[in-house]
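As provided, input-v5.pdb (PDB, C-alpha atoms) reads as follows.
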```pdb
ATOM      1  CA  MET A   1     -72.197 114.165  59.736  1.00  0.00           C
ATOM      2  CA  ARG A   2     -69.309 111.946  58.658  1.00  0.00           C
ATOM      3  CA  ARG A   3     -66.493 114.401  59.208  1.00  0.00           C
ATOM      4  CA  THR A   4     -64.710 116.085  62.083  1.00  0.00           C
ATOM      5  CA  VAL A   5     -62.785 119.327  62.288  1.00  0.00           C
ATOM      6  CA  ASP A   6     -59.589 117.253  62.279  1.00  0.00           C
ATOM      7  CA  ASP A   7     -60.709 115.570  59.047  1.00  0.00           C
ATOM      8  CA  ALA A   8     -61.372 118.969  57.496  1.00  0.00           C
ATOM      9  CA  ARG A   9     -58.005 120.391  58.551  1.00  0.00           C
ATOM     10  CA  ARG A  10     -56.233 117.334  57.135  1.00  0.00           C
ATOM     11  CA  TRP A  11     -58.117 117.615  53.842  1.00  0.00           C
ATOM     12  CA  MET A  12     -57.549 121.367  53.760  1.00  0.00           C
ATOM     13  CA  ALA A  13     -53.785 120.915  54.025  1.00  0.00           C
ATOM     14  CA  ARG A  14     -53.712 118.255  51.312  1.00  0.00           C
ATOM     15  CA  GLY A  15     -56.019 120.200  49.028  1.00  0.00           C
ATOM     16  CA  THR A  16     -53.927 123.318  49.445  1.00  0.00           C
ATOM     17  CA  ASP A  17     -50.795 121.370  48.533  1.00  0.00           C
ATOM     18  CA  LEU A  18     -52.582 120.013  45.458  1.00  0.00           C
ATOM     19  CA  VAL A  19     -53.501 123.493  44.237  1.00  0.00           C
ATOM     20  CA  LEU A  20     -50.063 124.940  44.972  1.00  0.00           C
ATOM     21  CA  SER A  21     -48.346 122.040  43.182  1.00  0.00           C
ATOM     22  CA  ALA A  22     -50.642 122.361  40.162  1.00  0.00           C
ATOM     23  CA  THR A  23     -50.014 126.095  39.775  1.00  0.00           C
ATOM     24  CA  ALA A  24     -46.313 126.163  40.687  1.00  0.00           C
ATOM     25  CA  GLY A  25     -44.278 127.661  37.894  1.00  0.00           C
ATOM     26  CA  TRP A  26     -47.218 128.611  35.693  1.00  0.00           C
ATOM     27  CA  ASP A  27     -46.399 131.546  33.453  1.00  0.00           C
ATOM     28  CA  GLU A  28     -48.686 134.253  32.098  1.00  0.00           C
ATOM     29  CA  ALA A  29     -49.925 132.101  29.229  1.00  0.00           C
ATOM     30  CA  GLU A  30     -50.737 129.125  31.453  1.00  0.00           C
ATOM     31  CA  LEU A  31     -52.496 131.247  34.066  1.00  0.00           C
ATOM     32  CA  SER A  32     -54.406 133.195  31.419  1.00  0.00           C
ATOM     33  CA  ALA A  33     -55.789 130.020  29.854  1.00  0.00           C
ATOM     34  CA  PRO A  34     -59.467 129.190  30.402  1.00  0.00           C
ATOM     35  CA  SER A  35     -60.377 127.349  33.593  1.00  0.00           C
ATOM     36  CA  GLY A  36     -63.075 124.724  33.850  1.00  0.00           C
ATOM     37  CA  LEU A  37     -65.539 127.394  35.023  1.00  0.00           C
ATOM     38  CA  PRO A  38     -67.377 129.255  32.235  1.00  0.00           C
ATOM     39  CA  GLY A  39     -66.180 132.829  31.843  1.00  0.00           C
ATOM     40  CA  TRP A  40     -63.216 132.464  34.189  1.00  0.00           C
ATOM     41  CA  THR A  41     -59.559 132.124  33.326  1.00  0.00           C
ATOM     42  CA  ARG A  42     -57.224 130.285  35.620  1.00  0.00           C
ATOM     43  CA  LYS A  43     -56.170 133.723  36.890  1.00  0.00           C
ATOM     44  CA  HIS A  44     -59.745 134.390  38.014  1.00  0.00           C
ATOM     45  CA  LEU A  45     -59.848 131.040  39.773  1.00  0.00           C
ATOM     46  CA  VAL A  46     -56.500 131.506  41.518  1.00  0.00           C
ATOM     47  CA  ALA A  47     -57.504 135.028  42.558  1.00  0.00           C
ATOM     48  CA  HIS A  48     -60.752 133.634  43.953  1.00  0.00           C
ATOM     49  CA  LEU A  49     -58.880 130.991  45.967  1.00  0.00           C
ATOM     50  CA  ALA A  50     -56.441 133.564  47.354  1.00  0.00           C
ATOM     51  CA  ALA A  51     -59.211 136.013  48.223  1.00  0.00           C
ATOM     52  CA  ASN A  52     -61.212 133.190  49.803  1.00  0.00           C
ATOM     53  CA  ALA A  53     -58.315 132.326  52.121  1.00  0.00           C
ATOM     54  CA  ASP A  54     -58.144 135.967  53.227  1.00  0.00           C
ATOM     55  CA  ALA A  55     -61.929 136.085  53.665  1.00  0.00           C
ATOM     56  CA  LEU A  56     -61.965 132.929  55.784  1.00  0.00           C
ATOM     57  CA  GLY A  57     -59.094 134.468  57.714  1.00  0.00           C
ATOM     58  CA  ASN A  58     -61.556 137.194  58.692  1.00  0.00           C
ATOM     59  CA  LEU A  59     -63.778 134.543  60.277  1.00  0.00           C
ATOM     60  CA  VAL A  60     -60.819 133.052  62.131  1.00  0.00           C
ATOM     61  CA  HIS A  61     -59.975 136.559  63.404  1.00  0.00           C
ATOM     62  CA  TRP A  62     -63.598 136.885  64.530  1.00  0.00           C
ATOM     63  CA  ALA A  63     -63.303 133.608  66.430  1.00  0.00           C
ATOM     64  CA  ALA A  64     -59.967 134.563  67.968  1.00  0.00           C
ATOM     65  CA  THR A  65     -60.881 138.080  69.101  1.00  0.00           C
ATOM     66  CA  GLY A  66     -64.665 138.289  69.245  1.00  0.00           C
ATOM     67  CA  GLU A  67     -64.475 141.217  66.821  1.00  0.00           C
ATOM     68  CA  ARG A  68     -67.159 140.862  64.136  1.00  0.00           C
ATOM     69  CA  THR A  69     -65.255 140.611  60.836  1.00  0.00           C
ATOM     70  CA  PRO A  70     -67.397 139.317  57.938  1.00  0.00           C
ATOM     71  CA  MET A  71     -65.811 137.427  55.071  1.00  0.00           C
ATOM     72  CA  TYR A  72     -66.552 140.238  52.610  1.00  0.00           C
ATOM     73  CA  SER A  73     -67.933 143.734  53.013  1.00  0.00           C
ATOM     74  CA  SER A  74     -70.340 143.009  50.137  1.00  0.00           C
ATOM     75  CA  PRO A  75     -70.842 140.660  47.165  1.00  0.00           C
ATOM     76  CA  GLU A  76     -69.631 143.507  44.973  1.00  0.00           C
ATOM     77  CA  GLN A  77     -66.374 143.722  46.911  1.00  0.00           C
ATOM     78  CA  ARG A  78     -65.865 139.968  46.521  1.00  0.00           C
ATOM     79  CA  ALA A  79     -66.324 140.199  42.752  1.00  0.00           C
ATOM     80  CA  ALA A  80     -64.072 143.276  42.516  1.00  0.00           C
ATOM     81  CA  ASP A  81     -61.295 141.535  44.454  1.00  0.00           C
ATOM     82  CA  ILE A  82     -61.382 138.602  42.033  1.00  0.00           C
ATOM     83  CA  GLU A  83     -61.306 140.854  38.960  1.00  0.00           C
ATOM     84  CA  ALA A  84     -58.450 142.900  40.396  1.00  0.00           C
ATOM     85  CA  GLY A  85     -56.556 139.755  41.288  1.00  0.00           C
ATOM     86  CA  ALA A  86     -57.008 138.368  37.786  1.00  0.00           C
ATOM     87  CA  ARG A  87     -55.106 141.395  36.465  1.00  0.00           C
ATOM     88  CA  ARG A  88     -52.039 140.678  38.601  1.00  0.00           C
ATOM     89  CA  SER A  89     -48.910 139.187  37.102  1.00  0.00           C
ATOM     90  CA  ALA A  90     -48.376 135.446  37.295  1.00  0.00           C
ATOM     91  CA  SER A  91     -45.730 135.768  40.011  1.00  0.00           C
ATOM     92  CA  GLU A  92     -47.818 138.192  42.092  1.00  0.00           C
ATOM     93  CA  LEU A  93     -50.871 135.967  41.831  1.00  0.00           C
ATOM     94  CA  THR A  94     -49.170 132.711  42.788  1.00  0.00           C
ATOM     95  CA  THR A  95     -47.406 134.471  45.679  1.00  0.00           C
ATOM     96  CA  TRP A  96     -50.756 135.767  46.933  1.00  0.00           C
ATOM     97  CA  LEU A  97     -52.217 132.264  46.648  1.00  0.00           C
ATOM     98  CA  ARG A  98     -49.394 130.716  48.668  1.00  0.00           C
ATOM     99  CA  GLU A  99     -49.122 133.428  51.309  1.00  0.00           C
ATOM    100  CA  SER A 100     -52.871 133.716  51.916  1.00  0.00           C
ATOM    101  CA  ALA A 101     -53.064 129.946  52.434  1.00  0.00           C
ATOM    102  CA  GLU A 102     -50.162 130.086  54.875  1.00  0.00           C
ATOM    103  CA  ARG A 103     -51.753 132.948  56.820  1.00  0.00           C
ATOM    104  CA  LEU A 104     -55.020 131.064  57.126  1.00  0.00           C
ATOM    105  CA  ALA A 105     -53.380 127.839  58.299  1.00  0.00           C
ATOM    106  CA  THR A 106     -51.282 129.717  60.872  1.00  0.00           C
ATOM    107  CA  ALA A 107     -54.300 131.612  62.229  1.00  0.00           C
ATOM    108  CA  MET A 108     -56.275 128.382  62.570  1.00  0.00           C
ATOM    109  CA  ALA A 109     -53.434 126.700  64.426  1.00  0.00           C
ATOM    110  CA  ASP A 110     -53.582 129.442  67.081  1.00  0.00           C
ATOM    111  CA  LEU A 111     -57.278 128.960  67.953  1.00  0.00           C
ATOM    112  CA  ASP A 112     -58.071 127.288  71.273  1.00  0.00           C
ATOM    113  CA  GLU A 113     -60.998 124.965  71.936  1.00  0.00           C
ATOM    114  CA  GLN A 114     -63.314 127.739  73.116  1.00  0.00           C
ATOM    115  CA  GLN A 115     -62.484 129.990  70.163  1.00  0.00           C
ATOM    116  CA  TRP A 116     -63.258 127.164  67.732  1.00  0.00           C
ATOM    117  CA  ARG A 117     -66.822 127.162  69.130  1.00  0.00           C
ATOM    118  CA  THR A 118     -67.360 130.870  68.361  1.00  0.00           C
ATOM    119  CA  GLU A 119     -70.286 131.472  66.007  1.00  0.00           C
ATOM    120  CA  VAL A 120     -69.445 133.300  62.791  1.00  0.00           C
ATOM    121  CA  LEU A 121     -71.365 134.235  59.646  1.00  0.00           C
ATOM    122  CA  THR A 122     -70.707 132.742  56.215  1.00  0.00           C
ATOM    123  CA  ALA A 123     -70.908 134.723  52.987  1.00  0.00           C
ATOM    124  CA  GLN A 124     -74.288 133.045  52.360  1.00  0.00           C
ATOM    125  CA  GLY A 125     -75.614 134.360  55.680  1.00  0.00           C
ATOM    126  CA  ARG A 126     -75.482 131.097  57.645  1.00  0.00           C
ATOM    127  CA  THR A 127     -74.449 131.211  61.305  1.00  0.00           C
ATOM    128  CA  VAL A 128     -71.963 128.422  61.982  1.00  0.00           C
ATOM    129  CA  PRO A 129     -69.302 127.613  64.595  1.00  0.00           C
ATOM    130  CA  ALA A 130     -65.725 128.406  63.593  1.00  0.00           C
ATOM    131  CA  THR A 131     -65.134 124.649  63.361  1.00  0.00           C
ATOM    132  CA  GLU A 132     -66.883 124.870  59.967  1.00  0.00           C
ATOM    133  CA  VAL A 133     -64.192 127.157  58.528  1.00  0.00           C
ATOM    134  CA  PRO A 134     -61.683 124.378  57.687  1.00  0.00           C
ATOM    135  CA  TRP A 135     -64.447 122.492  55.856  1.00  0.00           C
ATOM    136  CA  MET A 136     -65.431 125.630  53.940  1.00  0.00           C
ATOM    137  CA  ARG A 137     -61.827 125.980  52.802  1.00  0.00           C
ATOM    138  CA  THR A 138     -61.487 122.282  52.010  1.00  0.00           C
ATOM    139  CA  ARG A 139     -64.407 122.452  49.573  1.00  0.00           C
ATOM    140  CA  GLU A 140     -62.815 125.406  47.834  1.00  0.00           C
ATOM    141  CA  VAL A 141     -59.335 123.977  47.359  1.00  0.00           C
ATOM    142  CA  TYR A 142     -60.335 120.473  46.321  1.00  0.00           C
ATOM    143  CA  VAL A 143     -63.205 121.357  43.969  1.00  0.00           C
ATOM    144  CA  HIS A 144     -61.297 124.225  42.391  1.00  0.00           C
ATOM    145  CA  ALA A 145     -58.219 122.031  41.991  1.00  0.00           C
ATOM    146  CA  VAL A 146     -60.405 120.164  39.498  1.00  0.00           C
ATOM    147  CA  ASP A 147     -61.688 123.425  37.992  1.00  0.00           C
ATOM    148  CA  LEU A 148     -58.128 124.524  37.190  1.00  0.00           C
ATOM    149  CA  ASP A 149     -58.282 122.083  34.257  1.00  0.00           C
ATOM    150  CA  ALA A 150     -54.763 120.936  35.075  1.00  0.00           C
ATOM    151  CA  GLY A 151     -55.341 117.198  34.753  1.00  0.00           C
ATOM    152  CA  ILE A 152     -56.841 116.755  38.231  1.00  0.00           C
ATOM    153  CA  GLY A 153     -60.222 115.014  38.414  1.00  0.00           C
ATOM    154  CA  PHE A 154     -62.647 114.085  41.165  1.00  0.00           C
ATOM    155  CA  ALA A 155     -61.247 110.557  41.001  1.00  0.00           C
ATOM    156  CA  ASP A 156     -57.925 111.993  42.240  1.00  0.00           C
ATOM    157  CA  LEU A 157     -59.503 113.332  45.441  1.00  0.00           C
ATOM    158  CA  PRO A 158     -59.754 111.299  48.689  1.00  0.00           C
ATOM    159  CA  ALA A 159     -62.802 109.028  48.839  1.00  0.00           C
ATOM    160  CA  ASP A 160     -63.649 110.073  52.416  1.00  0.00           C
ATOM    161  CA  PHE A 161     -63.649 113.714  51.302  1.00  0.00           C
ATOM    162  CA  LEU A 162     -65.894 112.919  48.329  1.00  0.00           C
ATOM    163  CA  THR A 163     -68.376 111.149  50.623  1.00  0.00           C
ATOM    164  CA  ALA A 164     -68.397 114.088  53.026  1.00  0.00           C
ATOM    165  CA  LEU A 165     -68.816 116.523  50.136  1.00  0.00           C
ATOM    166  CA  ALA A 166     -71.757 114.555  48.725  1.00  0.00           C
ATOM    167  CA  ASP A 167     -73.358 114.567  52.196  1.00  0.00           C
ATOM    168  CA  ASP A 168     -72.849 118.325  52.413  1.00  0.00           C
ATOM    169  CA  VAL A 169     -74.195 119.116  48.948  1.00  0.00           C
ATOM    170  CA  VAL A 170     -77.281 116.919  49.387  1.00  0.00           C
ATOM    171  CA  GLY A 171     -77.976 118.640  52.696  1.00  0.00           C
ATOM    172  CA  LYS A 172     -77.745 122.099  51.138  1.00  0.00           C
ATOM    173  CA  ARG A 173     -79.708 121.311  47.982  1.00  0.00           C
ATOM    174  CA  GLY A 174     -82.740 120.275  50.011  1.00  0.00           C
ATOM    175  CA  ALA A 175     -85.862 120.250  47.874  1.00  0.00           C
ATOM    176  CA  LYS A 176     -84.561 122.431  45.043  1.00  0.00           C
ATOM    177  CA  PRO A 177     -84.751 119.844  42.229  1.00  0.00           C
ATOM    178  CA  ASP A 178     -88.157 119.592  40.524  1.00  0.00           C
ATOM    179  CA  VAL A 179     -87.774 115.814  40.390  1.00  0.00           C
ATOM    180  CA  ALA A 180     -86.770 113.564  43.271  1.00  0.00           C
ATOM    181  CA  VAL A 181     -83.428 111.870  42.628  1.00  0.00           C
ATOM    182  CA  VAL A 182     -81.844 108.847  44.302  1.00  0.00           C
ATOM    183  CA  LEU A 183     -78.094 108.664  43.725  1.00  0.00           C
ATOM    184  CA  THR A 184     -75.987 105.542  44.093  1.00  0.00           C
ATOM    185  CA  ALA A 185     -72.198 105.528  44.170  1.00  0.00           C
ATOM    186  CA  THR A 186     -71.752 102.112  42.583  1.00  0.00           C
ATOM    187  CA  ASP A 187     -68.147 101.670  43.699  1.00  0.00           C
ATOM    188  CA  ALA A 188     -68.660 102.819  47.294  1.00  0.00           C
ATOM    189  CA  GLY A 189     -72.050 101.449  48.314  1.00  0.00           C
ATOM    190  CA  GLU A 190     -73.265 104.930  49.225  1.00  0.00           C
ATOM    191  CA  ARG A 191     -76.746 106.312  48.487  1.00  0.00           C
ATOM    192  CA  TRP A 192     -78.249 109.784  48.748  1.00  0.00           C
ATOM    193  CA  ARG A 193     -81.704 111.175  48.040  1.00  0.00           C
ATOM    194  CA  LEU A 194     -82.601 114.613  46.722  1.00  0.00           C
ATOM    195  CA  PRO A 195     -86.250 115.272  47.547  1.00  0.00           C
ATOM    196  CA  GLY A 196     -88.662 116.478  44.900  1.00  0.00           C
ATOM    197  CA  THR A 197     -91.941 115.715  43.210  1.00  0.00           C
ATOM    198  CA  GLY A 198     -93.008 112.541  41.453  1.00  0.00           C
ATOM    199  CA  THR A 199     -91.433 109.118  41.336  1.00  0.00           C
ATOM    200  CA  PRO A 200     -87.718 109.342  42.191  1.00  0.00           C
ATOM    201  CA  VAL A 201     -85.281 109.014  39.305  1.00  0.00           C
ATOM    202  CA  GLU A 202     -82.580 106.475  40.109  1.00  0.00           C
ATOM    203  CA  VAL A 203     -79.140 107.538  38.910  1.00  0.00           C
ATOM    204  CA  GLY A 204     -75.725 106.024  39.473  1.00  0.00           C
ATOM    205  CA  GLY A 205     -72.048 106.192  38.787  1.00  0.00           C
ATOM    206  CA  SER A 206     -68.737 106.118  40.594  1.00  0.00           C
ATOM    207  CA  LEU A 207     -68.372 108.108  43.811  1.00  0.00           C
ATOM    208  CA  ALA A 208     -66.218 110.587  41.903  1.00  0.00           C
ATOM    209  CA  ASP A 209     -68.826 111.028  39.169  1.00  0.00           C
ATOM    210  CA  VAL A 210     -71.733 111.290  41.607  1.00  0.00           C
ATOM    211  CA  THR A 211     -69.893 114.039  43.480  1.00  0.00           C
ATOM    212  CA  ALA A 212     -69.074 115.820  40.227  1.00  0.00           C
ATOM    213  CA  TYR A 213     -72.754 115.615  39.270  1.00  0.00           C
ATOM    214  CA  LEU A 214     -73.874 117.010  42.621  1.00  0.00           C
ATOM    215  CA  THR A 215     -71.461 119.939  42.363  1.00  0.00           C
ATOM    216  CA  GLY A 216     -72.420 120.783  38.789  1.00  0.00           C
ATOM    217  CA  ARG A 217     -69.190 119.587  37.178  1.00  0.00           C
ATOM    218  CA  PRO A 218     -68.773 117.353  34.089  1.00  0.00           C
ATOM    219  CA  HIS A 219     -69.726 113.755  34.836  1.00  0.00           C
ATOM    220  CA  THR A 220     -70.920 110.486  33.314  1.00  0.00           C
ATOM    221  CA  VAL A 221     -73.784 109.809  35.736  1.00  0.00           C
ATOM    222  CA  THR A 222     -76.871 108.398  34.038  1.00  0.00           C
ATOM    223  CA  ALA A 223     -80.297 107.162  35.069  1.00  0.00           C
ATOM    224  CA  THR A 224     -80.704 103.417  35.428  1.00  0.00           C
ATOM    225  CA  ASP A 225     -82.584 103.298  32.102  1.00  0.00           C
ATOM    226  CA  GLY A 226     -79.603 104.894  30.376  1.00  0.00           C
ATOM    227  CA  SER A 227     -81.192 108.328  29.968  1.00  0.00           C
ATOM    228  CA  PRO A 228     -79.357 111.500  31.077  1.00  0.00           C
ATOM    229  CA  ALA A 229     -79.432 112.303  34.771  1.00  0.00           C
ATOM    230  CA  PRO A 230     -81.841 115.137  35.695  1.00  0.00           C
ATOM    231  CA  GLN A 231     -80.305 118.609  35.668  1.00  0.00           C
ATOM    232  CA  LEU A 232     -79.837 119.981  39.175  1.00  0.00           C
ATOM    233  CA  ALA A 233     -80.222 123.488  40.499  1.00  0.00           C
ATOM    234  CA  ALA A 234     -77.123 125.469  41.438  1.00  0.00           C
ATOM    235  CA  TRP A 235     -75.203 124.141  44.407  1.00  0.00           C
ATOM    236  CA  LEU A 236     -73.966 127.332  46.145  1.00  0.00           C
TER     237      LEU A 236
END
```

As C-alpha cells - that is how I would like this structure written.
Amino acid sequence: MRRTVDDARRWMARGTDLVLSATAGWDEAELSAPSGLPGWTRKHLVAHLAANADALGNLVHWAATGERTPMYSSPEQRAADIEAGARRSASELTTWLRESAERLATAMADLDEQQWRTEVLTAQGRTVPATEVPWMRTREVYVHAVDLDAGIGFADLPADFLTALADDVVGKRGAKPDVAVVLTATDAGERWRLPGTGTPVEVGGSLADVTAYLTGRPHTVTATDGSPAPQLAAWL
C-alpha cells in the first residue's frame, strides 16, 4: 500500500479546498446544472459530498467513543438525504458542504493513536480501522471535484494520489472484468493488472487517463492495437 494516513489527510485537505473553491459563489443556475454523473445535477453531487462528510463523521465518533454509529441507517436514508439536500437553496447547500467538511476535519484532529486503530464499518460492509476514513474522504472529494464538471480533470490531481487511487481501485475490482487487462501509465512507469479470463488485453495512457478509466470516468485509454479499452464493471 503506497499511502499512509498522513498522506490521506494531506490529500483530503487539498481535495476539500479544491471542491470548496470550485463551488464558491455558485448561484442556483450554476448549482442546478448537470454534473458529470448521469442523472445528477451539481446540487445532487454537492449534497452527496456534504452528507458523506457527516456520514464519515459518524465513523470518527465511533472511533472516538466506542459507540457504534454506522455511516447511514440504510441505503434508503442515504439516497433520501441526497435528494433532500438537492432541494436546498444554493446558499444553504454550499454552507452545508463547508461546515460538514470542517466538522469532519476537526473531529479527526481530536483522535489519538489508539482511537485511530478502532475498527469501524464502511457503507459497503467492510470492517476497516479508522485510519481508512481520511482515504475514504479523499476519494470522494478528489473524484467528485472532477465530476462537478467545473473544468477540473484527473490531470489536475496530484500524481501520488492518482497512483494510490489506481492501486485501490485495482484491489477492489478483483476478478470482476470478464477479460484480463494490463494497464500501463505511460508517463509514470506504473503498471496494474485486472485479473480475468483469456489473454490479457494491454491498454495504456497517461496516469490521469488510466485512473479515469479505472473509476469509470471519461478517458482516452486504448488497447495497444488502437482498439477501445475493454469496458469495466462498476467500481463501487

With all atoms listed in the file as the counted atoms, please give the residues lying no more than 9 Å from A:Leu165, apart from itself and same-chain residues fewer than 4 positions off, as a count of residues only.
7

Need to verify the contact set: A:Leu45, 9 Å, all atoms listed in the file, exclusion of same-chain residues closer than 5 positions in sequence. Can you return it as a list in words?
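So, after excluding close chain neighbours, the residues are Ser35, Leu37, Trp40, Ala50, Ile82, Ala86, His144, Asp147 and Leu148 of chain A.
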
Pick out the residues sitting within 9 Å of A:Pro34, and hand them over as a ChimeraX atom specification; count all atoms listed in the file, and ignore anything fewer than 4 positions along from it in its own chain.
/A:30,38-43,148-149

The PyMOL selection byres ((chain A and resi 96) around 10) applied to the shown file, residues as a ChimeraX atom specification
/A:46-47,49-51,53-54,85,88,90-95,97-102

For atom CA of A:Pro195 and atom CA of A:Val181, the interatomic separation in Å (one decimal):
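A separation of 6.6 Å between them.
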
Would you list the contacts of stretch 2-19 of chain A as a tab-separated table (two decimals) with C-alpha atoms, keeping the file's coordinate frame, taking every protein, DNA or RNA residue within 8 Å and counting all atoms listed in the file, but skipping same-chain residues closer than 3 positions in sequence?
```tsv
chain	number	residue	atom	x	y	z
A	22	ALA	CA	-50.64	122.36	40.16
A	23	THR	CA	-50.01	126.10	39.78
A	101	ALA	CA	-53.06	129.95	52.43
A	131	THR	CA	-65.13	124.65	63.36
A	132	GLU	CA	-66.88	124.87	59.97
A	134	PRO	CA	-61.68	124.38	57.69
A	135	TRP	CA	-64.45	122.49	55.86
A	137	ARG	CA	-61.83	125.98	52.80
A	138	THR	CA	-61.49	122.28	52.01
A	141	VAL	CA	-59.34	123.98	47.36
A	142	TYR	CA	-60.34	120.47	46.32
A	145	ALA	CA	-58.22	122.03	41.99
A	161	PHE	CA	-63.65	113.71	51.30
A	164	ALA	CA	-68.40	114.09	53.03
```

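Across A:Asn52, A:Asn58, A:Thr224, A:Thr163, the tightest approach to A:Val210 is made by A:Thr163 when counting only C-alpha atoms.
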
(-91.1, 115.8, 40.4) in this file's frame - what residues fall within 10 Å of it? Use all atoms listed in the file and give the answer as an NGL selection string.
:A and (177-181 or 195-201)

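Listed by chain and then by number, the residues chosen by the PyMOL selection byres ((chain A and resi 193) around 7) in this file are Val181, Val182, Leu183, Arg191, Trp192, Leu194 and Pro195 of chain A.
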
Kindly give the distance, in Å, that separates atom CA of A:Ala107 and atom CA of A:His44, rounded to a single decimal.
25.0 Å

Determine the nearest neighbour of A:Thr186 from the options A:Ala105, A:Ala55, A:Ala234, A:Val221, counting all atoms listed in the file.
A:Val221

Considering all atoms listed in the file, state which residue in the set A:Ala208, A:Leu121, A:Phe154, A:Gln115 is at the smallest distance from A:Met71.
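Closest candidate: A:Leu121.
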
Shell around A:Gly66 at 12 Å using all atoms listed in the file, local window under 3 positions removed, as a ChimeraX atom specification
/A:58-63,69-70,111,114-120,130

For stretch 157-174 of chain A, I'd like the enclosing box, axis-aligned and padded by 4 Å on every side, reported as lines of an AutoDock Vina configuration file with centre and edge lengths in Å to one decimal.
```
center_x = -71.1
center_y = 115.6
center_z = 49.2
size_x = 31.2
size_y = 21.1
size_z = 15.6
```

Quick check, in Å to one decimal: how far apart do atom CA of A:Ser74 and atom CA of A:Ala123 lie?
8.8 Å

Using only C-alpha atoms, the residue out of A:Ala150, A:Ala229, A:Leu104, A:Ala155 with shortest distance to A:Leu31 is A:Ala150
